[in-house]
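Shown next: work_35.cif, given as mmCIF, C-alpha atoms.
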```
data_my_file
#
loop_
_atom_site.label_atom_id
_atom_site.label_comp_id
_atom_site.auth_asym_id
_atom_site.auth_seq_id
_atom_site.Cartn_x
_atom_site.Cartn_y
_atom_site.Cartn_z
CA MET A 1080 -24.12 -49.81 -13.78
CA ALA A 1081 -21.08 -50.83 -11.78
CA VAL A 1082 -20.64 -49.60 -8.24
CA TYR A 1083 -17.11 -49.21 -6.95
CA ALA A 1084 -16.20 -49.14 -3.29
CA LEU A 1085 -13.78 -46.44 -2.30
CA GLU A 1086 -10.76 -47.74 -0.48
CA PRO A 1087 -8.76 -45.55 1.87
CA LEU A 1088 -5.67 -44.05 0.33
CA PRO A 1089 -2.50 -45.89 1.28
CA ARG A 1090 -0.28 -44.08 3.71
CA GLY A 1091 3.14 -43.06 2.47
CA PRO A 1092 6.34 -44.27 4.09
CA PHE A 1093 6.86 -40.88 5.73
CA ILE A 1094 3.77 -41.22 7.96
CA PRO A 1095 4.24 -43.54 10.94
CA GLU A 1096 1.73 -46.35 11.20
CA GLY A 1097 0.88 -48.72 13.98
CA PRO A 1098 -0.61 -48.64 17.44
CA GLY A 1099 -0.02 -45.49 19.42
CA THR A 1100 0.87 -43.24 16.48
CA SER A 1101 -1.14 -40.21 15.54
CA GLY A 1102 -0.33 -40.26 11.83
CA VAL A 1103 1.50 -36.95 12.12
CA ARG A 1104 4.80 -36.51 10.33
CA PRO A 1105 7.62 -36.29 12.88
CA ALA A 1106 9.12 -33.14 11.30
CA ARG A 1107 5.85 -31.26 11.74
CA THR A 1108 5.32 -32.25 15.35
CA PRO A 1109 5.54 -29.31 17.77
CA GLY A 1110 8.92 -29.22 19.41
CA ALA A 1111 10.59 -31.08 16.56
CA ARG A 1112 13.88 -29.47 15.70
CA ARG A 1113 14.00 -27.84 12.30
CA ARG A 1114 17.07 -26.99 10.30
CA ARG A 1115 17.38 -23.22 10.24
CA HIS A 1116 19.61 -22.80 7.22
CA ARG A 1117 20.05 -25.22 4.41
CA GLU A 1118 23.41 -25.69 2.79
CA VAL A 1119 23.55 -23.79 -0.49
CA GLU A 1120 26.41 -23.71 -2.92
CA THR A 1121 26.06 -20.01 -3.69
CA PRO A 1122 29.18 -19.60 -5.90
CA ALA A 1123 28.02 -22.36 -8.25
CA TYR A 1124 24.52 -20.88 -8.37
CA VAL A 1125 25.86 -17.39 -9.11
CA ALA A 1126 28.10 -18.78 -11.87
CA PHE A 1127 25.04 -20.44 -13.39
CA ALA A 1128 23.09 -17.15 -13.29
CA ARG A 1129 26.01 -15.33 -14.95
CA ARG A 1130 26.06 -17.87 -17.79
CA ILE A 1131 22.33 -17.37 -18.28
CA LEU A 1132 22.71 -13.57 -18.39
CA ARG A 1133 25.57 -13.76 -20.92
CA ALA A 1134 23.52 -16.08 -23.12
CA LEU A 1135 20.52 -13.76 -22.84
CA SER A 1136 22.59 -10.73 -23.85
CA ARG A 1137 23.80 -12.62 -26.94
CA ARG A 1138 20.22 -13.56 -27.85
CA VAL A 1139 18.96 -9.98 -27.54
CA GLY A 1140 21.19 -8.92 -30.44
CA GLY A 1141 19.03 -6.66 -32.61
CA ASP A 1142 15.76 -7.30 -30.79
CA LEU A 1143 14.44 -4.17 -29.05
CA ASP A 1144 11.78 -6.13 -27.15
CA GLY A 1145 14.53 -8.41 -25.87
CA LEU A 1146 16.41 -5.37 -24.62
CA ARG A 1147 13.25 -4.22 -22.82
CA ASP A 1148 13.04 -7.64 -21.15
CA LEU A 1149 16.70 -7.42 -20.14
CA VAL A 1150 16.09 -4.03 -18.49
CA ALA A 1151 13.08 -5.49 -16.64
CA LEU A 1152 15.36 -8.27 -15.45
CA ARG A 1153 17.74 -5.65 -14.04
CA GLU A 1154 14.84 -4.30 -11.99
CA GLU A 1155 14.18 -7.82 -10.69
CA VAL A 1156 17.82 -8.12 -9.64
CA ASP A 1157 17.62 -4.78 -7.82
CA GLY A 1158 14.54 -6.03 -5.95
CA ALA A 1159 16.34 -9.26 -5.09
CA ILE A 1160 19.28 -7.27 -3.68
CA THR A 1161 16.86 -5.24 -1.55
CA ASP A 1162 15.29 -8.46 -0.25
CA ALA A 1163 18.70 -9.99 0.50
CA VAL A 1164 19.78 -6.89 2.44
CA ALA A 1165 16.54 -7.02 4.45
CA ARG A 1166 17.06 -10.69 5.27
CA LEU A 1167 20.66 -10.11 6.29
CA ARG A 1168 19.76 -7.13 8.48
CA ASN A 1169 16.86 -9.02 10.15
CA ASP A 1170 18.68 -12.31 10.71
CA PRO A 1171 17.76 -13.29 14.28
CA ASP A 1172 21.02 -15.17 14.91
CA GLN A 1173 23.56 -12.77 13.46
CA PRO A 1174 22.23 -9.58 11.83
CA ALA A 1175 24.58 -7.89 9.37
CA SER A 1176 25.74 -4.36 10.13
CA TRP A 1177 25.51 -1.47 7.65
CA GLY A 1178 29.32 -1.42 7.55
CA GLU A 1179 29.53 -5.10 6.56
CA LEU A 1180 26.91 -4.61 3.87
CA ALA A 1181 28.66 -1.49 2.56
CA GLU A 1182 31.92 -3.41 2.26
CA VAL A 1183 30.27 -6.22 0.29
CA LEU A 1184 28.33 -3.84 -1.97
CA GLY A 1185 31.37 -1.61 -2.51
CA VAL A 1186 29.64 1.63 -1.58
CA PRO A 1187 29.83 3.98 1.45
CA ARG A 1188 27.93 3.00 4.59
CA SER A 1189 25.66 6.04 4.34
CA THR A 1190 24.62 5.01 0.82
CA VAL A 1191 23.64 1.52 1.94
CA SER A 1192 21.65 2.72 4.95
CA SER A 1193 19.83 5.40 2.95
CA ARG A 1194 19.08 3.12 -0.02
CA TYR A 1195 18.03 0.02 1.91
CA GLY A 1196 17.20 1.40 5.35
CA LYS A 1197 13.44 1.58 4.89
CA ALA A 1198 13.19 -1.86 3.30
CA SER A 1199 15.30 -3.53 5.93
CA GLY A 1200 13.58 -1.84 8.85
CA ALA A 1201 10.01 -2.40 7.70
CA ARG A 1202 10.25 -5.77 6.03
CA GLN A 1203 10.66 -8.97 7.96
CA PRO A 1204 12.06 -12.09 6.27
CA GLY A 1205 9.35 -14.08 4.55
CA GLY A 1206 7.20 -11.01 3.88
CA GLN A 1207 6.28 -9.59 0.53
CA PRO A 1208 9.26 -8.29 -1.44
CA ALA A 1209 9.60 -4.52 -1.52
CA HIS A 1210 9.21 -4.31 -5.29
CA LEU A 1211 5.80 -6.05 -5.12
CA ARG A 1212 4.17 -3.81 -2.48
#
```

Spell out the structure here as structure tokens.
Amino acid sequence: MAVYALEPLPRGPFIPEGPGTSGVRPARTPGARRRRHREVETPAYVAFARRILRALSRRVGGDLDGLRDLVALREEVDGAITDAVARLRNDPDQPASWGELAEVLGVPRSTVSSRYGKASGARQPGGQPAHLR
């Protein structure tokens, strides 16, 4: 029976090595500056999602189960809108006002605050989405 000695795993290039280092990644070190917002090309992403939805509607055709799945997807989108409103309202740097949100959503201010007021007041960013509670 052969006996194999276990060798320590090699350290990756992202972990500093050498005398005086703790082996901690610099980005995780307390006090290290983190990027708050990443750059996202939202218009391109939205265009991609629209193409997917158009393709899905063509595939549904005569399939009633496919239509049921499409309706369930609409509920997912509604939950995502609720989450986005909550994140925008709770942004620590620049929270969005009800008036700004109403303008973007194309509805009166009172409608936005009544529809999303509870979700945006009770839910902090990073919490569980409203539709999963």

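Omitting Ala1128 (chain A) and its sequence neighbours fewer than 6 positions away, and counting all atoms listed in the file, the residues within 12 Å are Thr1121, Pro1122, Ala1134, Leu1135, Leu1152 and Val1156 of chain A.
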
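What separates CA of Val1186 (chain A) from CA of Gln1173 (chain A) is a distance of 21.7 Å.
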
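The interatomic distance for the pair CA of Ala1151 (chain A) and CA of Leu1132 (chain A) works out to 12.7 Å.
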
>> Let me make sure I understand: among A:Phe1127, A:Asp1144, A:Val1183, A:Glu1155, which one has the smallest atom-to-atom distance to Leu1167 (chain A) if we use all atoms listed in the file?
In response: A:Val1183

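Between CA of Arg1194 (chain A) and CA of Leu1149 (chain A) the interatomic distance comes to 22.8 Å.
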
> Residues picked by the PyMOL selection byres ((chain A and resi 1180) around 12) here, as an NGL selection string?
Replying inline: :A and (1160-1161 or 1163-1168 or 1174-1179 or 1181-1192 or 1194-1196 or 1199)
